[in-house]
>>> print(open('run_28.csv').read())   # CSV, C-alpha atoms
chain,number,residue,atom,x,y,z
L,1,MET,CA,-45.5,-31.0,-145.4
L,2,LYS,CA,-48.0,-28.4,-144.3
L,3,HIS,CA,-46.1,-27.0,-141.4
L,4,SER,CA,-42.6,-27.6,-142.5
L,5,ASP,CA,-41.9,-23.9,-142.8
L,6,HIS,CA,-42.3,-23.4,-139.1
L,7,GLU,CA,-39.0,-24.4,-137.6
L,8,VAL,CA,-39.4,-22.9,-134.2
L,9,ASN,CA,-43.1,-22.7,-133.5
L,10,ASN,CA,-45.3,-25.5,-134.5
L,11,PRO,CA,-48.8,-24.0,-135.1
L,12,LEU,CA,-50.6,-27.4,-135.0
L,13,LEU,CA,-49.3,-28.5,-131.7
L,14,GLU,CA,-48.6,-24.9,-130.5
L,15,CYS,CA,-45.2,-25.8,-129.2
L,16,ARG,CA,-41.6,-25.4,-130.1
L,17,HIS,CA,-39.9,-28.1,-132.0
L,18,ASP,CA,-37.2,-28.3,-129.4
L,19,SER,CA,-39.6,-28.5,-126.5
L,20,ASP,CA,-40.4,-31.5,-124.4
L,21,ASP,CA,-44.0,-31.6,-125.7
L,22,TYR,CA,-42.9,-32.0,-129.3
L,23,SER,CA,-42.4,-35.3,-130.8
L,24,GLN,CA,-42.4,-36.5,-134.4
L,25,ALA,CA,-45.0,-39.1,-133.7
L,26,ARG,CA,-47.4,-36.5,-132.2
L,27,GLN,CA,-46.7,-34.2,-135.1
L,28,GLN,CA,-47.6,-37.0,-137.6
L,29,THR,CA,-50.8,-37.9,-135.7
L,30,ALA,CA,-51.8,-34.2,-135.5
L,31,GLU,CA,-51.2,-33.7,-139.2
L,32,GLN,CA,-53.2,-36.8,-139.9
L,33,LEU,CA,-56.1,-35.5,-137.8
L,34,ASP,CA,-55.8,-32.1,-139.4
L,35,GLY,CA,-55.8,-33.6,-142.9
L,36,MET,CA,-58.9,-35.7,-142.2
L,37,ARG,CA,-61.0,-32.8,-140.8
L,38,SER,CA,-62.8,-32.1,-144.1
L,39,GLU,CA,-63.5,-35.8,-144.7
L,40,MET,CA,-64.8,-36.3,-141.1
L,41,ASN,CA,-67.1,-33.3,-141.5
L,42,THR,CA,-68.8,-34.3,-144.7
L,43,LEU,CA,-71.9,-35.9,-143.1
L,44,GLU,CA,-75.1,-34.2,-143.7
L,45,VAL,CA,-77.3,-33.4,-140.7
L,46,PRO,CA,-80.4,-35.6,-140.6
L,47,HIS,CA,-83.6,-33.8,-141.0
L,48,TRP,CA,-84.9,-32.5,-137.7
L,49,ASP,CA,-87.7,-30.1,-136.7
L,50,LYS,CA,-86.0,-26.8,-135.7
L,51,GLY,CA,-89.3,-25.2,-135.0
L,52,LYS,CA,-90.2,-27.9,-132.5
L,53,VAL,CA,-87.0,-27.3,-130.7
L,54,LEU,CA,-87.7,-23.6,-130.7
L,55,GLY,CA,-91.2,-24.2,-129.4
L,56,GLN,CA,-89.9,-26.5,-126.7
L,57,ALA,CA,-87.3,-24.0,-125.7
L,58,LYS,CA,-89.9,-21.3,-125.5
L,59,SER,CA,-92.3,-23.4,-123.6
L,60,ASN,CA,-89.6,-24.5,-121.2
L,61,ALA,CA,-88.5,-20.9,-120.8
L,62,THR,CA,-92.0,-19.7,-120.4
L,63,ARG,CA,-92.8,-22.4,-117.9
L,64,GLU,CA,-89.7,-21.8,-115.8
L,65,PHE,CA,-90.1,-18.0,-116.3
L,66,SER,CA,-93.7,-17.7,-115.3
L,67,PHE,CA,-94.1,-20.3,-112.5
L,68,LEU,CA,-91.8,-18.9,-109.8
L,69,PRO,CA,-92.7,-15.2,-110.2
L,70,TRP,CA,-96.4,-16.0,-110.1
L,71,LEU,CA,-96.0,-18.2,-107.1
L,72,SER,CA,-93.9,-15.5,-105.4
L,73,MET,CA,-96.4,-12.8,-106.3
L,74,SER,CA,-99.3,-14.9,-105.0
L,75,PHE,CA,-97.7,-15.4,-101.6
L,76,SER,CA,-96.8,-11.7,-101.4
L,77,ILE,CA,-100.4,-10.7,-102.1
L,78,VAL,CA,-101.7,-13.1,-99.5
L,79,ALA,CA,-99.2,-11.7,-97.0
L,80,ILE,CA,-100.1,-8.1,-97.7
L,81,CYS,CA,-103.8,-8.9,-97.4
L,82,MET,CA,-103.2,-10.5,-94.0
L,83,VAL,CA,-101.3,-7.5,-92.7
L,84,VAL,CA,-103.8,-4.9,-94.1
L,85,LEU,CA,-106.9,-6.7,-92.8
L,86,ASN,CA,-105.2,-7.5,-89.5
L,87,VAL,CA,-106.0,-11.2,-89.8
L,88,ASN,CA,-105.9,-12.9,-86.5
L,89,ILE,CA,-105.6,-16.7,-86.5
L,90,GLN,CA,-106.0,-18.5,-83.2
L,91,SER,CA,-106.1,-22.1,-82.4
L,92,SER,CA,-108.2,-23.3,-79.4
L,93,GLU,CA,-109.8,-26.5,-78.2
L,94,GLN,CA,-112.9,-25.7,-80.2
L,95,GLY,CA,-110.8,-25.3,-83.4
L,96,ILE,CA,-109.1,-22.6,-85.4
L,97,THR,CA,-110.6,-19.1,-85.3
L,98,ILE,CA,-109.8,-16.6,-88.0
L,99,ALA,CA,-110.7,-13.0,-87.1
L,100,LEU,CA,-110.4,-9.8,-89.2
L,101,GLY,CA,-109.7,-6.4,-87.7
L,102,ASP,CA,-109.2,-5.2,-84.1
L,103,ASN,CA,-112.8,-5.1,-83.1
L,104,ASN,CA,-113.4,-8.7,-83.8
L,105,LYS,CA,-110.8,-10.3,-81.8
L,106,ALA,CA,-111.6,-13.9,-81.2
L,107,ILE,CA,-111.3,-13.8,-77.3
L,108,SER,CA,-112.2,-10.7,-75.2
L,109,PRO,CA,-110.4,-9.8,-71.9
L,110,VAL,CA,-113.5,-10.8,-69.9
L,111,ALA,CA,-113.5,-14.2,-71.5
L,112,VAL,CA,-109.8,-14.5,-70.9
L,113,GLU,CA,-110.4,-13.6,-67.2
L,114,ALA,CA,-113.2,-16.2,-67.0
L,115,ILE,CA,-111.1,-18.8,-68.5
L,116,VAL,CA,-108.2,-18.0,-66.2
L,117,GLU,CA,-110.6,-18.1,-63.2
L,118,GLU,CA,-112.0,-21.4,-64.3
L,119,ARG,CA,-108.5,-22.8,-64.8
L,120,LEU,CA,-107.5,-21.6,-61.3
L,121,LYS,CA,-110.6,-23.2,-59.7
L,122,GLN,CA,-109.9,-26.4,-61.4
L,123,TYR,CA,-106.3,-26.2,-60.3
L,124,GLN,CA,-107.3,-25.5,-56.7
L,125,SER,CA,-109.8,-28.4,-56.5
L,126,ASP,CA,-107.2,-30.7,-58.0
L,127,ASN,CA,-104.7,-29.6,-55.4
L,128,GLU,CA,-107.2,-30.0,-52.5
L,129,LEU,CA,-108.1,-33.5,-53.7
L,130,LYS,CA,-104.4,-34.4,-54.0
L,131,LEU,CA,-103.7,-33.0,-50.5
L,132,ALA,CA,-106.6,-34.9,-48.9
L,133,GLN,CA,-105.4,-38.1,-50.5
L,134,PHE,CA,-101.9,-37.4,-49.2
L,135,VAL,CA,-103.1,-36.8,-45.6
L,136,MET,CA,-105.1,-40.0,-45.7
L,137,GLN,CA,-102.1,-41.9,-46.8
L,138,MET,CA,-99.9,-40.3,-44.1
L,139,GLN,CA,-102.4,-41.2,-41.4
L,140,GLU,CA,-102.7,-44.8,-42.5
L,141,GLN,CA,-98.9,-45.0,-42.6
L,142,GLN,CA,-98.7,-43.5,-39.1
L,143,ASN,CA,-101.2,-46.1,-37.7
L,144,GLN,CA,-99.3,-48.9,-39.2
L,145,SER,CA,-96.1,-47.6,-37.7
L,146,ASN,CA,-97.7,-47.3,-34.2
L,147,LEU,CA,-99.1,-50.8,-34.4
L,148,LYS,CA,-95.7,-52.2,-35.3
L,149,LEU,CA,-94.1,-50.2,-32.4
L,150,ALA,CA,-96.7,-51.5,-29.8
L,151,THR,CA,-96.2,-55.1,-31.0
L,152,TYR,CA,-92.5,-54.7,-30.7
L,153,LEU,CA,-92.7,-53.3,-27.1
L,154,LEU,CA,-95.1,-56.0,-25.9
L,155,ASP,CA,-92.9,-58.7,-27.4
L,156,SER,CA,-89.8,-57.3,-25.8
L,157,ALA,CA,-91.5,-56.8,-22.3
L,158,ARG,CA,-92.8,-60.4,-22.3
L,159,THR,CA,-89.3,-61.8,-23.0
L,160,GLU,CA,-87.8,-59.7,-20.2
L,161,ARG,CA,-90.4,-61.0,-17.7
L,162,GLN,CA,-89.7,-64.6,-18.7
L,163,GLN,CA,-86.0,-63.9,-18.2
L,164,ASP,CA,-86.5,-62.3,-14.8
L,165,ILE,CA,-88.7,-65.2,-13.5
L,166,SER,CA,-86.2,-67.8,-14.6
L,167,ASP,CA,-83.5,-65.8,-12.8
L,168,VAL,CA,-85.6,-65.8,-9.6
L,169,PHE,CA,-86.2,-69.6,-9.9
L,170,LEU,CA,-82.5,-70.2,-10.3
L,171,HIS,CA,-81.8,-68.0,-7.3
L,172,PHE,CA,-84.3,-69.9,-5.2
L,173,ASN,CA,-82.9,-73.3,-6.3
L,174,ASP,CA,-79.4,-72.1,-5.4
L,175,GLN,CA,-80.5,-71.0,-2.0
L,176,LEU,CA,-82.3,-74.3,-1.4
L,177,ALA,CA,-79.3,-76.3,-2.4
L,178,GLU,CA,-77.0,-74.2,-0.2
L,179,GLN,CA,-79.4,-74.5,2.8
L,180,GLN,CA,-79.7,-78.3,2.3
L,181,SER,CA,-76.0,-78.7,2.2
L,182,ARG,CA,-75.7,-76.6,5.4
L,183,GLN,CA,-78.3,-78.7,7.1
L,184,ASN,CA,-76.5,-81.9,6.0
L,185,ILE,CA,-73.3,-80.6,7.5
L,186,GLN,CA,-75.1,-79.7,10.8
L,187,LEU,CA,-76.8,-83.0,10.9
L,188,GLN,CA,-73.5,-84.7,10.4
L,189,GLN,CA,-71.9,-82.6,13.2
L,190,LEU,CA,-74.9,-83.5,15.4
L,191,GLU,CA,-74.5,-87.1,14.6
L,192,GLN,CA,-70.9,-87.0,15.5
L,193,ALA,CA,-71.6,-85.1,18.7
L,194,VAL,CA,-74.2,-87.7,19.7
L,195,LYS,CA,-71.8,-90.5,18.8
L,196,PHE,CA,-69.1,-88.8,20.9
L,197,GLN,CA,-71.4,-88.3,23.9
L,198,LYS,CA,-72.6,-91.9,23.6
L,199,ALA,CA,-69.0,-93.1,23.6
L,200,SER,CA,-68.1,-90.9,26.6
L,201,LEU,CA,-71.1,-92.2,28.6
L,202,ILE,CA,-70.1,-95.8,27.9
L,203,ASN,CA,-66.6,-95.0,29.1
L,204,THR,CA,-67.8,-93.4,32.2
L,205,ARG,CA,-70.1,-96.3,33.1
L,206,LEU,CA,-67.3,-98.6,32.6
X,1,MET,CA,-74.5,-13.1,-151.1
X,2,PHE,CA,-75.1,-10.9,-148.1
X,3,GLU,CA,-74.9,-12.9,-144.9
X,4,ARG,CA,-76.1,-11.5,-141.6
X,5,SER,CA,-73.7,-11.6,-138.7
X,6,ASP,CA,-74.3,-13.9,-135.7
X,7,ASN,CA,-75.0,-10.9,-133.4
X,8,THR,CA,-77.7,-9.6,-135.8
X,9,LEU,CA,-79.4,-12.9,-136.0
X,10,ILE,CA,-79.3,-13.3,-132.2
X,11,LYS,CA,-80.9,-9.9,-131.7
X,12,HIS,CA,-83.7,-10.8,-134.1
X,13,ALA,CA,-84.1,-14.2,-132.5
X,14,LEU,CA,-84.4,-12.6,-129.1
X,15,LYS,CA,-87.2,-10.5,-130.5
X,16,GLY,CA,-89.0,-13.7,-131.4
X,17,LYS,CA,-88.2,-13.9,-135.1
X,18,SER,CA,-88.1,-17.6,-135.8
X,19,ARG,CA,-86.5,-17.1,-139.3
X,20,ALA,CA,-83.4,-15.5,-137.7
X,21,TRP,CA,-83.2,-18.3,-135.2
X,22,ASN,CA,-83.5,-20.9,-137.9
X,23,THR,CA,-80.8,-19.2,-139.9
X,24,LEU,CA,-78.5,-19.2,-136.9
X,25,VAL,CA,-79.3,-22.9,-136.2
X,26,LYS,CA,-78.7,-23.8,-139.8
X,27,ARG,CA,-75.3,-22.0,-139.7
X,28,TYR,CA,-74.1,-24.1,-136.8
X,29,GLU,CA,-76.0,-27.3,-136.9
X,30,LYS,CA,-73.4,-29.1,-139.0
X,31,PRO,CA,-70.4,-28.5,-136.7
X,32,ILE,CA,-72.5,-29.2,-133.6
X,33,TYR,CA,-73.9,-32.4,-135.1
X,34,HIS,CA,-70.4,-33.6,-136.0
X,35,TYR,CA,-69.2,-32.6,-132.6
X,36,ALA,CA,-72.1,-34.5,-131.0
X,37,LEU,CA,-71.6,-37.5,-133.2
X,38,ARG,CA,-67.9,-37.9,-132.4
X,39,MET,CA,-68.6,-37.3,-128.7
X,40,VAL,CA,-71.4,-39.8,-128.3
X,41,SER,CA,-70.7,-42.1,-131.3
X,42,HIS,CA,-74.3,-42.8,-132.1
X,43,GLN,CA,-76.4,-40.9,-134.7
X,44,ASP,CA,-79.7,-40.9,-132.7
X,45,ASP,CA,-77.9,-39.8,-129.5
X,46,ALA,CA,-76.0,-37.2,-131.5
X,47,LEU,CA,-79.3,-35.8,-132.8
X,48,ASP,CA,-80.8,-35.7,-129.4
X,49,LEU,CA,-77.7,-34.0,-127.9
X,50,MET,CA,-77.7,-31.5,-130.7
X,51,GLN,CA,-81.3,-30.6,-130.0
X,52,ASP,CA,-80.5,-30.3,-126.3
X,53,ILE,CA,-77.7,-28.0,-127.1
X,54,PHE,CA,-79.8,-25.7,-129.3
X,55,ILE,CA,-82.6,-25.6,-126.7
X,56,ALA,CA,-80.0,-24.6,-124.1
X,57,VAL,CA,-78.6,-22.0,-126.4
X,58,TYR,CA,-82.0,-20.5,-127.0
X,59,ARG,CA,-82.8,-20.4,-123.3
X,60,ASN,CA,-79.5,-18.7,-122.6
X,61,LEU,CA,-79.4,-16.5,-125.6
X,62,ALA,CA,-80.3,-13.4,-123.7
X,63,SER,CA,-77.2,-13.8,-121.6
X,64,PHE,CA,-74.9,-13.7,-124.7
X,65,ARG,CA,-73.2,-10.3,-124.6
X,66,GLY,CA,-71.4,-10.5,-127.9
X,67,GLU,CA,-68.0,-9.7,-126.4
X,68,SER,CA,-66.6,-13.0,-127.7
X,69,PRO,CA,-67.4,-15.0,-130.9
X,70,PHE,CA,-70.7,-16.8,-130.8
X,71,LYS,CA,-69.1,-20.0,-131.9
X,72,GLY,CA,-67.0,-20.2,-128.8
X,73,TRP,CA,-70.0,-19.5,-126.6
X,74,LEU,CA,-72.0,-22.1,-128.5
X,75,PHE,CA,-69.4,-24.7,-128.0
X,76,LYS,CA,-69.1,-23.9,-124.3
X,77,ILE,CA,-72.8,-24.7,-123.9
X,78,ALA,CA,-72.2,-27.8,-126.0
X,79,HIS,CA,-69.5,-29.0,-123.6
X,80,TYR,CA,-71.8,-28.6,-120.6
X,81,ARG,CA,-74.6,-30.5,-122.3
X,82,CYS,CA,-72.2,-33.2,-123.5
X,83,ILE,CA,-70.8,-33.7,-120.0
X,84,GLU,CA,-74.4,-33.9,-118.7
X,85,TYR,CA,-75.1,-36.5,-121.3
X,86,TYR,CA,-72.2,-38.6,-120.2
X,87,ARG,CA,-73.0,-38.3,-116.5
X,88,ARG,CA,-76.6,-39.3,-117.3
X,89,LYS,CA,-75.7,-42.2,-119.6
X,90,LYS,CA,-72.6,-43.5,-117.7
X,91,PRO,CA,-72.7,-42.1,-114.2
X,92,THR,CA,-70.0,-44.5,-113.0
X,93,LEU,CA,-67.5,-43.7,-115.7
X,94,SER,CA,-65.0,-41.0,-114.9
X,95,LEU,CA,-64.4,-38.4,-117.5
X,96,ASP,CA,-60.7,-39.2,-117.4
X,97,GLU,CA,-61.2,-42.9,-117.7
X,98,SER,CA,-61.1,-44.7,-121.0
X,99,PRO,CA,-64.4,-46.4,-121.9
X,100,ALA,CA,-64.7,-50.1,-122.0
X,101,LEU,CA,-64.1,-51.7,-125.3
X,102,ASP,CA,-67.7,-52.1,-126.2
X,103,ASN,CA,-67.8,-52.4,-130.0
X,104,ARG,CA,-71.6,-52.6,-130.1
X,105,ALA,CA,-72.0,-48.9,-129.7
X,106,VAL,CA,-69.7,-48.3,-132.7
X,107,ASP,CA,-71.2,-51.1,-134.8
X,108,ASP,CA,-74.7,-49.8,-134.1
X,109,CYS,CA,-73.6,-46.5,-135.5
X,110,HIS,CA,-72.8,-48.2,-138.8
X,111,VAL,CA,-69.4,-46.6,-139.2
X,112,GLU,CA,-69.2,-47.8,-142.7
X,113,ALA,CA,-72.4,-46.0,-143.6
X,114,LEU,CA,-71.2,-42.8,-142.0
X,115,PHE,CA,-67.8,-42.6,-143.7
X,116,ASP,CA,-66.8,-43.8,-147.1
X,117,ASP,CA,-63.0,-44.1,-146.6
X,118,PHE,CA,-61.3,-46.6,-144.3
X,119,LYS,CA,-59.1,-43.9,-142.6
X,120,SER,CA,-62.1,-41.9,-141.4
X,121,GLN,CA,-63.8,-45.0,-140.1
X,122,ARG,CA,-60.7,-46.1,-138.2
X,123,LEU,CA,-60.1,-42.6,-136.8
X,124,PHE,CA,-63.8,-42.4,-135.7
X,125,VAL,CA,-63.5,-45.8,-133.9
X,126,ALA,CA,-60.1,-44.8,-132.4
X,127,MET,CA,-61.6,-41.6,-131.0
X,128,GLN,CA,-64.3,-43.6,-129.2
X,129,GLN,CA,-61.6,-45.3,-127.1
X,130,LEU,CA,-60.3,-42.0,-125.7
X,131,PRO,CA,-61.5,-40.7,-122.3
X,132,VAL,CA,-64.2,-38.1,-122.6
X,133,ASN,CA,-61.9,-35.2,-121.5
X,134,GLN,CA,-59.2,-36.2,-124.1
X,135,LYS,CA,-61.8,-36.7,-126.8
X,136,LEU,CA,-63.2,-33.3,-126.1
X,137,VAL,CA,-60.0,-31.4,-126.5
X,138,VAL,CA,-59.1,-33.4,-129.7
X,139,GLU,CA,-62.5,-32.5,-131.1
X,140,MET,CA,-62.0,-28.8,-130.2
X,141,LYS,CA,-58.5,-28.6,-131.4
X,142,PHE,CA,-58.4,-30.5,-134.7
X,143,PHE,CA,-62.0,-30.6,-135.8
X,144,GLN,CA,-63.4,-27.3,-134.6
X,145,GLN,CA,-59.9,-25.6,-134.9
X,146,PHE,CA,-59.9,-23.7,-131.6
X,147,THR,CA,-56.6,-22.7,-130.1
X,148,PHE,CA,-55.4,-24.1,-126.8
X,149,ASP,CA,-56.2,-20.8,-125.0
X,150,GLU,CA,-59.7,-20.8,-126.4
X,151,ILE,CA,-60.3,-24.4,-125.4
X,152,ALA,CA,-58.9,-23.6,-121.9
X,153,SER,CA,-61.2,-20.7,-121.6
X,154,GLN,CA,-64.3,-22.6,-122.8
X,155,LEU,CA,-63.6,-25.6,-120.5
X,156,GLY,CA,-62.5,-23.5,-117.5
X,157,ILE,CA,-59.1,-25.2,-117.2
X,158,SER,CA,-55.5,-24.1,-117.7
X,159,THR,CA,-53.8,-24.1,-121.1
X,160,ASN,CA,-51.2,-26.5,-119.9
X,161,THR,CA,-53.9,-29.0,-118.9
X,162,VAL,CA,-55.4,-28.7,-122.3
X,163,LYS,CA,-52.1,-29.3,-123.9
X,164,SER,CA,-51.4,-32.2,-121.7
X,165,ARG,CA,-54.7,-33.8,-122.6
X,166,VAL,CA,-54.2,-33.2,-126.3
X,167,TYR,CA,-50.7,-34.7,-126.3
X,168,SER,CA,-51.9,-37.8,-124.3
X,169,ALA,CA,-54.7,-38.2,-126.7
X,170,LEU,CA,-52.4,-38.0,-129.7
X,171,ASP,CA,-50.1,-40.6,-128.2
X,172,LYS,CA,-53.1,-42.9,-127.7
X,173,LEU,CA,-54.5,-42.3,-131.1
X,174,LYS,CA,-51.1,-43.0,-132.7
X,175,LEU,CA,-51.0,-46.4,-131.0
X,176,THR,CA,-54.6,-47.3,-131.7
X,177,LEU,CA,-54.3,-46.3,-135.4
X,178,GLU,CA,-51.0,-48.2,-135.8
X,179,VAL,CA,-52.6,-51.4,-134.3
X,180,ASP,CA,-55.6,-51.0,-136.6
X,181,TYR,CA,-53.5,-50.6,-139.7
X,182,GLU,CA,-51.3,-53.5,-138.8
X,183,THR,CA,-54.3,-55.8,-138.3
>>> encode(input="run_28.csv", output="structure tokens")
Amino acid sequence: MKHSDHEVNNPLLECRHDSDDYSQARQQTAEQLDGMRSEMNTLEVPHWDKGKVLGQAKSNATREFSFLPWLSMSFSIVAICMVVLNVNIQSSEQGITIALGDNNKAISPVAVEAIVEERLKQYQSDNELKLAQFVMQMQEQQNQSNLKLATYLLDSARTERQQDISDVFLHFNDQLAEQQSRQNIQLQQLEQAVKFQKASLINTRL
Amino acid sequence: MFERSDNTLIKHALKGKSRAWNTLVKRYEKPIYHYALRMVSHQDDALDLMQDIFIAVYRNLASFRGESPFKGWLFKIAHYRCIEYYRRKKPTLSLDESPALDNRAVDDCHVEALFDDFKSQRLFVAMQQLPVNQKLVVEMKFFQQFTFDEIASQLGISTNTVKSRVYSALDKLKLTLEVDYET
């Protein structure tokens, strides 16, 4: 056997014969693989274009190498130009304004002041209009409230008067009834007195 | 015959000399092709993978410092490209998982046309049934003759992991080859 001389260290499996990793079966398989190495490596490489691979590798490398630095450099140049030329880009309602240098600023302070003044006037007129509308609404609301209150007061006064009149009538009716009963009693007493006098007259005549 | 060293060829290749590059490629195309063939089991795919590997090698050639052997560096790139190939071709298959028994891939490869003797054919087919990670360490250990430490360094894993994968692969190969011989 090829490795029979190595009693302690097995070079093929790189382990000791008395270790847990060693086994006769593994040793045999390893020797089989080792022995077939030359037979397994006899295949000839099919023809292939090495120059094409080289060209492809170069083109890939060139493409990857050149693209990013050029892109980076382009952005850097643009940024430097913008700083050096003091490029001023401003967006407004009329569009985007690009200005170069300090003297050519897109909006002067006077124009800014005019714009601010115009905005303030606009704001003021808007506020006045809103305030007038609010006052009108308040007045209308107040009128409606007053009307409701008057209606309520009239209704309540009318009801009270009706109540008072009916109380007076009741009082009169009670007084009439009482007076009538009193008169009845007096009439009955008078009747009895007349009857009594009549009887006493008869007795005296007799 | 005088043979220029890898480092010399690399220096010339970096200067743009295509002859040096072609010599370097010719020196390593055979082991890389066999590596690719055993890893992907198909001749056309192996050729594509080999070309990918050499393209990647050329693109990274400037980063090779020459402190370690060129062959180890070359195979490190080959591993990365091979793993990328598997992730592209079989994104759902784990690298620690055995591939499904799909004999078409092996048949298409015309194993009989590749190898004359029956043993080589059986071993080639048996290797295709190993998980990618195990097939990789078997390839590196027994066919490219790297040590466990070198393999661990190239794959970025521990030596014990490499050993464990090799021993598991040997156990599986033993079983597969025994079954093949019995049938």
>>> atom_distance(input="run_28.csv", atom1="CA of Met39 in chain X", atom2="CA of Ala25 in chain L")
24.2 Å
>>> closest_atom_pairs(input="run_28.csv", of="chain X", to="chain L", cutoff="8 Å", atoms="all atoms listed in the file", output="tab-separated table")
residue	atom	partner	partner_atom	distance
X:Ser18	CA	L:Gly51	CA	7.7
X:Asn22	CA	L:Lys50	CA	6.8
X:Val25	CA	L:Lys50	CA	7.8
X:Glu29	CA	L:Val45	CA	7.3
X:Lys30	CA	L:Val45	CA	6.0
X:Pro31	CA	L:Asn41	CA	7.5
X:Tyr33	CA	L:Val45	CA	6.6
X:His34	CA	L:Asn41	CA	6.4
X:Leu47	CA	L:Pro46	CA	7.9
X:Gln51	CA	L:Val53	CA	6.6
X:Phe54	CA	L:Val53	CA	7.5
X:Ile55	CA	L:Ala57	CA	5.1
X:Ala56	CA	L:Ala57	CA	7.5
X:Tyr58	CA	L:Ala57	CA	6.5
X:Arg59	CA	L:Ala57	CA	6.2
X:Leu114	CA	L:Leu43	CA	7.0
X:Phe115	CA	L:Met40	CA	7.4
X:Ser120	CA	L:Met40	CA	6.2
X:Phe142	CA	L:Asp34	CA	5.6
X:Phe143	CA	L:Arg37	CA	5.6
X:Phe148	CA	L:Glu14	CA	7.8
X:Tyr167	CA	L:Arg26	CA	7.0
X:Leu170	CA	L:Arg26	CA	5.8
X:Asp171	CA	L:Arg26	CA	6.3
X:Leu173	CA	L:Thr29	CA	7.4
X:Lys174	CA	L:Thr29	CA	5.9
>>> atom_distance(input="run_28.csv", atom1="CA of Asp164 in chain L", atom2="CA of Thr151 in chain L")
20.2 Å
>>> closest_residue(input="run_28.csv", among="X:Ser94, X:Gln154, X:Thr161, X:Ser168", to="Tyr80 in chain X", atoms="all atoms listed in the file")
X:Gln154
>>> atom_distance(input="run_28.csv", atom1="CA of Gly66 in chain X", atom2="CA of Val162 in chain X")
24.9 Å
>>> closest_residue(input="run_28.csv", among="X:Arg165, X:Arg19, X:Arg4, X:Arg122", to="Ala152 in chain X", atoms="only C-alpha atoms")
X:Arg165
>>> residues_near_point(input="run_28.csv", point="(-80.0, -16.0, -133.6)", cutoff="7 Å", atoms="all atoms listed in the file", output="ChimeraX atom specification")
/X:6,9-13,20-21,24
>>> closest_residue(input="run_28.csv", among="X:Arg38, X:Lys76, X:Lys141, X:Arg87", to="Ala169 in chain X", atoms="all atoms listed in the file")
X:Lys141
